[in-house]
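Participant: Data: input36.txt, compact mmCIF, C-alpha atoms and all ligand atoms.
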```
# COMPACT_ATOMS: atom_id res chain seq x y z
CA MET Y 861 60.09 -11.55 3.79
CA PRO Y 862 63.70 -12.78 4.17
CA ASN Y 863 64.53 -16.46 3.74
CA THR Y 864 62.71 -18.88 5.99
CA LEU Y 865 64.97 -20.12 8.83
CA ARG Y 866 65.35 -23.83 9.53
CA LEU Y 867 65.55 -24.16 13.33
CA THR Y 868 67.20 -27.08 15.09
CA PRO Y 869 65.18 -29.39 17.39
CA ASP Y 870 66.96 -28.33 20.59
CA GLU Y 871 66.61 -25.72 23.35
CA ASN Y 872 68.07 -23.02 21.15
CA GLY Y 873 65.74 -23.75 18.22
CA ILE Y 874 62.71 -23.90 20.52
CA ALA Y 875 63.65 -20.59 22.16
CA GLN Y 876 64.06 -18.90 18.76
CA ALA Y 877 60.74 -20.32 17.54
CA ALA Y 878 58.97 -19.14 20.72
CA ALA Y 879 60.44 -15.63 20.41
CA LEU Y 880 59.33 -15.34 16.77
CA LEU Y 881 55.80 -16.49 17.67
CA LYS Y 882 55.49 -14.06 20.59
CA ALA Y 883 56.54 -11.25 18.22
CA GLY Y 884 53.68 -12.20 15.89
CA GLY Y 885 55.74 -14.23 13.41
CA LEU Y 886 54.72 -17.47 11.71
CA VAL Y 887 56.65 -20.63 12.55
CA ALA Y 888 55.93 -24.10 11.18
CA PHE Y 889 56.34 -26.83 13.79
CA PRO Y 890 56.17 -30.63 13.84
CA THR Y 891 53.22 -32.43 15.40
CA GLU Y 892 52.69 -36.19 15.53
CA THR Y 893 50.25 -35.87 12.58
CA VAL Y 894 51.66 -33.32 10.09
CA TYR Y 895 53.58 -30.03 10.35
CA GLY Y 896 51.42 -27.12 11.51
CA LEU Y 897 51.77 -23.48 10.49
CA GLY Y 898 51.84 -21.80 13.90
CA GLY Y 899 50.88 -18.27 14.82
CA ASP Y 900 49.62 -16.55 18.00
CA ALA Y 901 45.87 -17.28 18.02
CA ARG Y 902 45.19 -14.05 19.96
CA GLN Y 903 46.81 -11.66 17.45
CA ASP Y 904 44.73 -10.70 14.42
CA ALA Y 905 47.83 -9.95 12.36
CA SER Y 906 49.36 -13.39 13.01
CA VAL Y 907 46.14 -15.22 12.20
CA LEU Y 908 45.51 -13.20 9.05
CA GLY Y 909 49.14 -13.88 8.10
CA ILE Y 910 48.44 -17.63 8.28
CA TYR Y 911 45.51 -17.32 5.84
CA ALA Y 912 47.66 -15.20 3.52
CA ALA Y 913 50.71 -17.50 3.61
CA LYS Y 914 48.56 -20.55 2.77
CA GLY Y 915 46.23 -18.81 0.34
CA ARG Y 916 43.44 -20.19 2.52
CA PRO Y 917 39.84 -19.01 2.04
CA ALA Y 918 38.76 -16.74 4.92
CA HIS Y 919 35.67 -18.88 5.68
CA ASN Y 920 37.76 -21.96 6.63
CA PRO Y 921 38.49 -21.80 10.39
CA LEU Y 922 41.73 -22.91 12.09
CA ILE Y 923 42.50 -25.47 14.79
CA ILE Y 924 44.21 -24.14 17.90
CA HIS Y 925 46.91 -26.10 19.72
CA VAL Y 926 47.37 -25.83 23.47
CA ALA Y 927 49.77 -27.39 25.99
CA ASP Y 928 47.23 -29.28 28.10
CA LEU Y 929 43.59 -29.72 29.06
CA GLU Y 930 43.77 -27.04 31.73
CA MET Y 931 44.83 -24.49 29.11
CA ALA Y 932 42.15 -25.77 26.71
CA ARG Y 933 39.44 -24.96 29.29
CA ARG Y 934 40.36 -21.26 28.97
CA TYR Y 935 39.18 -21.22 25.36
CA ALA Y 936 36.38 -23.78 25.01
CA ILE Y 937 33.51 -25.14 27.10
CA PHE Y 938 33.87 -28.81 28.03
CA ASP Y 939 30.87 -30.92 29.01
CA ALA Y 940 31.26 -34.37 30.58
CA GLN Y 941 31.61 -36.13 27.22
CA ALA Y 942 34.25 -33.66 25.99
CA GLU Y 943 36.15 -34.07 29.27
CA ALA Y 944 36.13 -37.85 28.88
CA LEU Y 945 37.41 -37.60 25.30
CA ALA Y 946 40.18 -35.19 26.27
CA GLN Y 947 41.23 -37.35 29.24
CA ALA Y 948 41.39 -40.45 27.05
CA PHE Y 949 42.98 -39.12 23.85
CA TRP Y 950 45.04 -36.02 24.75
CA PRO Y 951 47.82 -35.44 24.10
CA GLY Y 952 47.19 -37.01 20.68
CA PRO Y 953 45.62 -36.72 17.23
CA LEU Y 954 42.05 -35.83 18.25
CA THR Y 955 40.58 -32.37 17.59
CA LEU Y 956 37.39 -31.49 19.46
CA VAL Y 957 34.91 -28.94 18.09
CA LEU Y 958 33.46 -27.26 21.20
CA PRO Y 959 31.53 -24.10 22.11
CA LEU Y 960 33.91 -21.13 22.10
CA ARG Y 961 34.14 -19.33 25.45
CA GLU Y 962 32.98 -15.75 25.19
CA ASP Y 963 36.00 -14.58 27.18
CA ALA Y 964 38.46 -16.70 25.17
CA GLY Y 965 40.31 -13.66 23.87
CA LEU Y 966 41.17 -15.27 20.54
CA SER Y 967 41.26 -13.41 17.25
CA HIS Y 968 37.82 -13.91 15.69
CA HIS Y 969 39.60 -14.89 12.45
CA VAL Y 970 40.64 -18.18 14.13
CA THR Y 971 37.07 -19.43 14.12
CA ALA Y 972 36.12 -17.53 10.94
CA GLY Y 973 33.35 -15.96 13.02
CA ASN Y 974 31.88 -19.32 14.18
CA ARG Y 975 30.83 -19.87 17.80
CA THR Y 976 32.61 -23.19 17.96
CA LEU Y 977 36.35 -23.74 18.35
CA ALA Y 978 38.44 -26.64 17.05
CA ILE Y 979 41.09 -27.43 19.65
CA ARG Y 980 43.70 -30.09 20.36
CA VAL Y 981 46.70 -30.96 22.53
CA PRO Y 982 49.41 -32.39 20.26
CA ALA Y 983 51.60 -35.27 21.46
CA HIS Y 984 54.84 -34.45 19.64
CA PRO Y 985 57.53 -33.59 22.24
CA LEU Y 986 58.76 -30.58 20.20
CA ALA Y 987 55.23 -29.22 19.78
CA ARG Y 988 54.69 -29.57 23.53
CA ALA Y 989 58.03 -27.91 24.36
CA LEU Y 990 57.22 -25.06 21.96
CA LEU Y 991 53.74 -24.54 23.45
CA ARG Y 992 55.24 -24.39 26.93
CA ALA Y 993 58.06 -22.02 25.89
CA ALA Y 994 55.81 -19.66 23.91
CA ASP Y 995 52.98 -19.93 26.48
CA LEU Y 996 50.48 -19.10 23.73
CA PRO Y 997 47.51 -20.79 22.08
CA LEU Y 998 48.83 -21.54 18.59
CA ALA Y 999 46.59 -21.43 15.57
CA GLY Y 1000 47.92 -24.22 13.38
CA PRO Y 1001 46.56 -25.41 10.06
CA SER Y 1002 48.68 -27.88 8.11
CA ALA Y 1003 51.76 -26.03 6.81
CA ASN Y 1004 51.05 -26.34 3.08
CA PRO Y 1005 49.57 -24.04 0.45
CA SER Y 1006 45.78 -24.46 0.54
CA GLY Y 1007 44.55 -27.43 -1.49
CA ARG Y 1008 47.94 -29.11 -1.80
CA VAL Y 1009 49.41 -32.20 -0.14
CA SER Y 1010 50.04 -31.81 3.63
CA PRO Y 1011 53.67 -31.71 4.87
CA THR Y 1012 55.21 -34.47 6.99
CA THR Y 1013 58.81 -33.17 6.88
CA ALA Y 1014 60.46 -29.74 7.19
CA ASP Y 1015 61.55 -30.07 3.53
CA HIS Y 1016 57.88 -30.45 2.51
CA VAL Y 1017 57.08 -27.26 4.44
CA LEU Y 1018 59.85 -25.33 2.72
CA GLU Y 1019 58.82 -26.63 -0.73
CA GLY Y 1020 55.45 -24.98 -0.27
CA LEU Y 1021 56.01 -21.99 2.01
CA SER Y 1022 59.67 -20.93 1.80
CA GLY Y 1023 59.92 -17.13 1.88
CA ARG Y 1024 56.33 -16.83 3.19
CA ILE Y 1025 56.97 -17.73 6.85
CA ALA Y 1026 59.65 -16.80 9.37
CA ALA Y 1027 60.90 -20.28 10.25
CA VAL Y 1028 60.32 -24.01 10.43
CA LEU Y 1029 61.31 -26.03 13.49
CA ASP Y 1030 62.80 -29.18 11.97
CA GLY Y 1031 61.73 -32.24 13.95
CA GLY Y 1032 62.19 -34.84 11.20
CA PRO Y 1033 59.32 -36.90 9.75
CA CYS Y 1034 55.92 -37.01 11.51
CA ALA Y 1035 55.04 -40.40 13.01
CA VAL Y 1036 51.27 -40.58 12.37
CA GLY Y 1037 51.35 -38.95 8.95
CA VAL Y 1038 47.67 -37.99 8.50
CA GLU Y 1039 45.90 -35.13 10.26
CA SER Y 1040 43.95 -35.39 13.50
CA THR Y 1041 40.48 -36.87 13.73
CA ILE Y 1042 37.95 -34.02 14.09
CA LEU Y 1043 34.98 -34.84 16.33
CA ALA Y 1044 32.00 -32.74 17.41
CA PRO Y 1045 30.86 -34.23 20.74
CA GLY Y 1046 27.10 -34.62 21.27
CA ASN Y 1047 24.36 -37.21 21.02
CA PRO Y 1048 25.38 -38.71 18.71
CA PRO Y 1049 28.98 -37.55 18.42
CA ARG Y 1050 29.78 -36.55 14.84
CA LEU Y 1051 32.95 -37.39 12.95
CA LEU Y 1052 33.79 -34.28 10.90
CA ARG Y 1053 37.10 -35.62 9.55
CA PRO Y 1054 38.57 -39.12 9.88
CA GLY Y 1055 42.17 -38.91 11.09
CA GLY Y 1056 44.88 -40.34 13.30
CA ILE Y 1057 42.48 -41.94 15.80
CA GLY Y 1058 40.04 -44.48 14.35
CA PRO Y 1059 36.34 -43.89 15.13
CA GLU Y 1060 36.15 -47.42 16.56
CA ALA Y 1061 38.32 -46.38 19.55
CA ILE Y 1062 36.17 -43.28 20.16
CA ALA Y 1063 32.92 -45.27 19.90
CA ALA Y 1064 34.31 -47.83 22.37
CA LEU Y 1065 35.23 -45.14 24.91
CA LEU Y 1066 31.85 -43.40 24.71
CA ASP Y 1067 29.85 -46.59 24.19
CA ALA Y 1068 28.01 -44.68 21.46
CA GLN Y 1069 27.60 -44.80 17.69
CA ILE Y 1070 29.58 -42.12 15.86
CA THR Y 1071 27.81 -40.56 12.88
CA ARG Y 1072 29.60 -39.31 9.81
CA PRO Y 1073 27.71 -36.35 8.30
CA ALA Y 1074 27.46 -36.81 4.54
CA ASP Y 1075 29.49 -34.30 2.55
CA ALA Y 1076 27.05 -31.46 1.98
CA ALA Y 1077 27.26 -28.45 -0.28
CA LEU Y 1078 28.40 -26.45 2.73
CA PRO Y 1079 30.36 -28.99 4.78
CA GLU Y 1080 30.48 -28.58 8.51
CA ALA Y 1081 34.27 -28.63 8.57
CA PRO Y 1082 34.63 -26.14 5.76
CA GLY Y 1083 38.11 -27.41 4.86
CA GLN Y 1084 36.56 -30.65 3.73
CA LEU Y 1085 36.01 -29.48 0.18
CA ALA Y 1086 36.11 -32.32 -2.34
CA SER Y 1087 39.33 -31.52 -4.20
CA HIS Y 1088 42.16 -31.23 -1.70
CA TYR Y 1089 45.51 -32.90 -1.04
CA ALA Y 1090 45.95 -32.62 -4.79
CA PRO Y 1091 49.22 -33.64 -6.44
CA ASN Y 1092 49.76 -32.33 -9.97
CA ALA Y 1093 49.27 -35.74 -11.59
CA LEU Y 1094 45.78 -37.25 -11.84
CA VAL Y 1095 45.04 -40.00 -9.35
CA ARG Y 1096 43.26 -43.36 -9.97
CA LEU Y 1097 42.08 -45.31 -6.92
CA ASN Y 1098 41.58 -49.02 -6.11
CA ALA Y 1099 44.14 -49.96 -8.76
CA THR Y 1100 44.95 -53.69 -8.76
CA THR Y 1101 46.98 -53.46 -11.99
CA VAL Y 1102 49.07 -50.70 -13.51
CA GLU Y 1103 48.60 -49.09 -16.94
CA ALA Y 1104 51.10 -47.35 -19.23
CA CYS Y 1105 52.01 -43.80 -18.09
CA GLU Y 1106 51.08 -44.66 -14.49
CA ILE Y 1107 53.11 -44.78 -11.32
CA TRP Y 1108 51.63 -47.54 -9.18
CA VAL Y 1109 51.60 -47.05 -5.41
CA GLY Y 1110 50.98 -50.45 -3.81
CA PHE Y 1111 49.74 -51.66 -0.45
CA GLY Y 1112 50.39 -55.16 0.89
CA PRO Y 1113 52.31 -58.13 -0.52
CA ASP Y 1114 50.19 -58.55 -3.68
CA CYS Y 1115 51.56 -55.45 -5.43
CA GLN Y 1116 54.99 -56.78 -6.45
CA ALA Y 1117 54.99 -54.73 -9.68
CA ALA Y 1118 54.37 -51.43 -7.87
CA GLN Y 1119 57.15 -48.82 -8.16
CA LEU Y 1120 56.31 -47.50 -4.67
CA SER Y 1121 54.53 -49.06 -1.72
CA LEU Y 1122 52.61 -47.55 1.18
CA SER Y 1123 53.41 -50.68 3.17
CA GLU Y 1124 54.80 -53.93 1.72
CA ARG Y 1125 53.46 -55.83 4.73
CA GLY Y 1126 50.03 -54.23 4.55
CA ASP Y 1127 50.29 -52.25 7.79
CA LEU Y 1128 47.87 -49.29 7.96
CA ASP Y 1129 49.91 -47.25 10.46
CA GLU Y 1130 52.98 -47.53 8.23
CA ALA Y 1131 50.86 -46.59 5.20
CA ALA Y 1132 49.54 -43.46 6.94
CA SER Y 1133 53.03 -42.36 7.98
CA ARG Y 1134 54.26 -42.66 4.37
CA LEU Y 1135 51.14 -41.40 2.56
CA PHE Y 1136 51.89 -37.73 1.89
CA ASP Y 1137 55.60 -38.26 1.16
CA LEU Y 1138 54.76 -41.02 -1.34
CA LEU Y 1139 52.12 -38.87 -3.03
CA ARG Y 1140 54.79 -36.21 -3.55
CA ARG Y 1141 57.33 -38.75 -4.84
CA ALA Y 1142 54.81 -40.41 -7.15
CA ASP Y 1143 53.91 -36.98 -8.47
CA GLN Y 1144 57.54 -36.28 -9.37
CA LEU Y 1145 57.96 -39.70 -11.02
CA ALA Y 1146 54.70 -39.36 -12.97
CA GLY Y 1147 55.74 -36.08 -14.57
CA PRO Y 1148 53.38 -33.65 -16.29
CA LEU Y 1149 51.48 -36.23 -18.39
CA GLY Y 1150 51.54 -39.16 -16.01
CA ARG Y 1151 48.99 -40.55 -13.61
CA ILE Y 1152 49.21 -42.07 -10.13
CA ALA Y 1153 47.44 -45.40 -9.54
CA ILE Y 1154 46.87 -46.41 -5.93
CA ALA Y 1155 46.09 -49.89 -4.58
CA PRO Y 1156 42.94 -50.44 -2.47
CA ILE Y 1157 43.32 -49.59 1.24
CA PRO Y 1158 41.17 -51.28 3.92
CA GLN Y 1159 38.34 -49.09 5.28
CA HIS Y 1160 38.87 -49.29 9.03
CA GLY Y 1161 40.86 -47.55 11.76
CA ILE Y 1162 43.36 -45.09 10.30
CA GLY Y 1163 42.54 -46.62 6.88
CA LEU Y 1164 39.41 -44.41 6.88
CA ALA Y 1165 41.64 -41.33 7.02
CA ILE Y 1166 43.93 -42.67 4.27
CA ASN Y 1167 40.93 -43.35 2.00
CA ASP Y 1168 39.46 -39.92 2.78
CA ARG Y 1169 42.68 -38.16 1.75
CA LEU Y 1170 43.04 -40.34 -1.36
CA ASN Y 1171 39.44 -39.66 -2.43
CA ARG Y 1172 40.11 -35.94 -2.19
CA ALA Y 1173 43.40 -36.28 -4.10
CA ALA Y 1174 41.45 -38.08 -6.86
CA ALA Y 1175 38.41 -35.76 -6.84
CA PRO Y 1176 37.53 -33.77 -9.97
CA ARG Y 1177 39.26 -30.38 -9.99
CA ASP Y 1178 37.82 -27.03 -10.92
O1 LIG N 1201 46.49 -32.85 12.66
C1 LIG N 1201 45.97 -31.75 12.45
O2 LIG N 1201 44.81 -31.49 12.76
C2 LIG N 1201 46.86 -30.66 11.81
C3 LIG N 1201 48.01 -30.39 12.78
C4 LIG N 1201 48.91 -29.28 12.31
O3 LIG N 1201 47.49 -30.13 14.04
N1 LIG N 1201 46.11 -29.49 11.52
C5 LIG N 1201 45.20 -29.44 10.50
O4 LIG N 1201 44.64 -28.20 10.29
O5 LIG N 1201 44.92 -30.40 9.81
P1 LIG N 1201 43.87 -27.80 8.94
O6 LIG N 1201 43.60 -26.36 9.08
O7 LIG N 1201 44.66 -28.23 7.78
O8 LIG N 1201 42.53 -28.55 9.03
C6 LIG N 1201 41.61 -28.13 10.01
C7 LIG N 1201 40.22 -28.56 9.65
C8 LIG N 1201 39.66 -27.81 8.47
O9 LIG N 1201 38.98 -28.75 7.66
C9 LIG N 1201 38.67 -26.84 9.11
O10 LIG N 1201 37.58 -26.55 8.27
C10 LIG N 1201 38.23 -27.61 10.34
O11 LIG N 1201 39.38 -28.24 10.78
N2 LIG N 1201 37.74 -26.73 11.41
C11 LIG N 1201 38.41 -25.74 12.04
N3 LIG N 1201 37.63 -25.13 12.94
C12 LIG N 1201 36.43 -25.74 12.89
C13 LIG N 1201 35.19 -25.55 13.58
N4 LIG N 1201 35.03 -24.62 14.51
N5 LIG N 1201 34.16 -26.38 13.25
C14 LIG N 1201 34.33 -27.34 12.32
N6 LIG N 1201 35.48 -27.55 11.64
C15 LIG N 1201 36.51 -26.76 11.91
MG MG N 1202 45.12 -28.94 5.92
```
What is this file in structure tokens?

Facilitator:
Amino acid sequence: MPNTLRLTPDENGIAQAAALLKAGGLVAFPTETVYGLGGDARQDASVLGIYAAKGRPAHNPLIIHVADLEMARRYAIFDAQAEALAQAFWPGPLTLVLPLREDAGLSHHVTAGNRTLAIRVPAHPLARALLRAADLPLAGPSANPSGRVSPTTADHVLEGLSGRIAAVLDGGPCAVGVESTILAPGNPPRLLRPGGIGPEAIAALLDAQITRPADAALPEAPGQLASHYAPNALVRLNATTVEACEIWVGFGPDCQAAQLSLSERGDLDEAASRLFDLLRRADQLAGPLGRIAIAPIPQHGIGLAINDRLNRAAAPRD
């Protein structure tokens, strides 16, 4: 494949991106969470191309992105609870896992053969403009090689996938910085992945307890394998002091000695928006023999998603 194009965030760039997608090409695009690796969810070749470009195992299904709730109803079946969730949180960082419509017309590789579909309406203005211009459901996993740190800038995308995809639409850094919350509606609703929307807000809307299925041998969101988001350096969590050969990533005002900080003022939203970029920078600073030490992060709201990603970055590797 020729060099990956970097497209500008204007009408021209959006039109080029839409044309490439319609022709079956792969285009990375910004969302409010992380960059997605977009392809036409109806074309087998595009969807298989996404798995190949990422080196993603074939059993790990993809999220599809659509322009609005009306379009979402063409692909998935919404009950009253799913409708309420979509009305409250879309566009935004919530992915719903819903029954796939039999007449959805999607490539069966999108769902990896499952009868449920993960679907969301992203809030990023460029993602929305692209979805309208292409008029397609876009399969869109995070635009990184499988198992590595997710991308929150176009440079991150190119570091991992340059030469493997047609283009990246450069929309600058992503505001939320961690992936969407994945929820399976039901009684009780189940949190399959903590993400950009804290479970407290979802529980308040539904007036219901949200359960978090324990990580099982065969997790329900198959992408949730233990080792993921892995930098090259080893990662040590809940670090309140720093050791030799470590790069310390702080959080809050008590980490004066830290070389890097997720948020000096201890703000969880700021920490999420910086998380993946700082993991990459810490990795470079740590070098081949170094280690990354990360300060404790509070376990609520978007802090649950930060801790989830950090636990996976620190998990034992095969
Ligand atoms: O914020 C996000 O969600 C980003 C942006 C680009 O939208 N996308 C993203 O996609 O994080 P990905 O592929 O990196 O993660 C999708 C997760 C995987 O863990 C996958 O196993 C799970 O969603 N998933 C996909 N379809 C599913 C389904 N039908 N049931 C349960 N989990 C599913
Ligand atoms: Mg991912």

Participant: Would you list the residues near (39.1, -39.7, -4.8), meaning any protein, DNA or RNA residue with an atom at most 12 Å from that point in file coordinates, counting only C-alpha atoms, as a VMD selection string?

Facilitator: chain Y and resid 1085 to 1091 1094 to 1098 1152 to 1154 1156 1166 to 1177

Participant: I'd like the contact shell of Trp950 of chain Y - 8 Å cut-off, all atoms listed in the file, skipping same-chain residues fewer than 6 positions apart - returned as a ChimeraX atom specification.

Facilitator: /Y:928-929,980-983

Participant: When you look at segment 878-895 of chain Y with a cut-off of 9 Å (counting all atoms listed in the file), what residues show up, excluding the ones that are within fewer than 4 positions of it in the same chain? I need them as a ChimeraX atom specification.

Facilitator: /Y:873-874,899-900,903,905-907,909-910,952-953,982-988,990-996,998,1000-1004,1010-1014,1016-1017,1024-1040,1055-1056,1133

Participant: One decimal, Å: what's the distance from atom CA of Glu1106 of chain Y over to atom CA of Ala1132 of chain Y, could you say?

Facilitator: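 One can read the atom CA of Glu1106 of chain Y to atom CA of Ala1132 of chain Y distance as 21.5 Å.
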
Participant: Smallest atom-to-atom distance to ligand LIG 1201 (chain N): which of Y:Leu1164, Y:Val970, Y:Ala912, Y:Leu1139, using all atoms listed in the file?

Facilitator: Y:Val970

Participant: Between atom CA of Ile924 of chain Y and atom CA of Arg1053 of chain Y, what is the spacing in Å?

Facilitator: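 Pair atom CA of Arg1053 of chain Y / atom CA of Ile924 of chain Y returns 15.9 Å.
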
Participant: If I put a ball of radius 10 Å at (44.4, -26.8, 27.7) in the file's coordinates, which residues poke into it when counting all atoms listed in the file, written as a list in words?

Facilitator: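 Residues satisfying the cut-off, written out: His925, Val926, Ala927, Asp928, Leu929, Glu930, Met931, Ala932, Arg933, Arg934, Tyr935, Ala936, Ala946, Trp950, Pro951, Ile979, Arg980, Val981 and Pro997 of chain Y.
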
Participant: Please save C-alpha atoms of the selected residues as an mmCIF file, in the coordinates of the input.

Facilitator:
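Final output, selection_1.cif:
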```cif
data_model
loop_
_atom_site.group_PDB
_atom_site.id
_atom_site.type_symbol
_atom_site.label_atom_id
_atom_site.label_comp_id
_atom_site.auth_asym_id
_atom_site.auth_seq_id
_atom_site.Cartn_x
_atom_site.Cartn_y
_atom_site.Cartn_z
ATOM 1 C CA HIS Y 925 46.910 -26.100 19.720
ATOM 2 C CA VAL Y 926 47.370 -25.830 23.470
ATOM 3 C CA ALA Y 927 49.770 -27.390 25.990
ATOM 4 C CA ASP Y 928 47.230 -29.280 28.100
ATOM 5 C CA LEU Y 929 43.590 -29.720 29.060
ATOM 6 C CA GLU Y 930 43.770 -27.040 31.730
ATOM 7 C CA MET Y 931 44.830 -24.490 29.110
ATOM 8 C CA ALA Y 932 42.150 -25.770 26.710
ATOM 9 C CA ARG Y 933 39.440 -24.960 29.290
ATOM 10 C CA ARG Y 934 40.360 -21.260 28.970
ATOM 11 C CA TYR Y 935 39.180 -21.220 25.360
ATOM 12 C CA ALA Y 936 36.380 -23.780 25.010
ATOM 13 C CA ALA Y 946 40.180 -35.190 26.270
ATOM 14 C CA TRP Y 950 45.040 -36.020 24.750
ATOM 15 C CA PRO Y 951 47.820 -35.440 24.100
ATOM 16 C CA ILE Y 979 41.090 -27.430 19.650
ATOM 17 C CA ARG Y 980 43.700 -30.090 20.360
ATOM 18 C CA VAL Y 981 46.700 -30.960 22.530
ATOM 19 C CA PRO Y 997 47.510 -20.790 22.080
#
```

Participant: Do you have the atom CA of Arg1140 of chain Y-atom CA of Asn1092 of chain Y distance handy?

Facilitator: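 So the answer is 9.0 Å.
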
Participant: Given the choices Y:Leu922, Y:Ala1044, Y:Val1109, Y:Ala1131, which gets closest to ligand LIG 1201 (chain N) if the distance is worked out from all atoms listed in the file?

Facilitator: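 Counting all atoms listed in the file, the residue closest to ligand LIG 1201 (chain N) is Y:Leu922.
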
Participant: Counting only C-alpha atoms and all ligand atoms, figure out which residue out of Y:Ala978, Y:Leu1135, Y:Ala999, Y:Val1009 gets nearest to ligand MG 1202 (chain N).

Facilitator: Y:Val1009

Participant: Please determine, counting all atoms listed in the file, which residue among Y:Tyr911, Y:Pro1005, Y:Leu954, Y:Pro1158 has the shortest atom-to-atom distance to Glu1019 of chain Y.

Facilitator: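 Among the listed residues, Y:Pro1005 lies closest to Glu1019 of chain Y.
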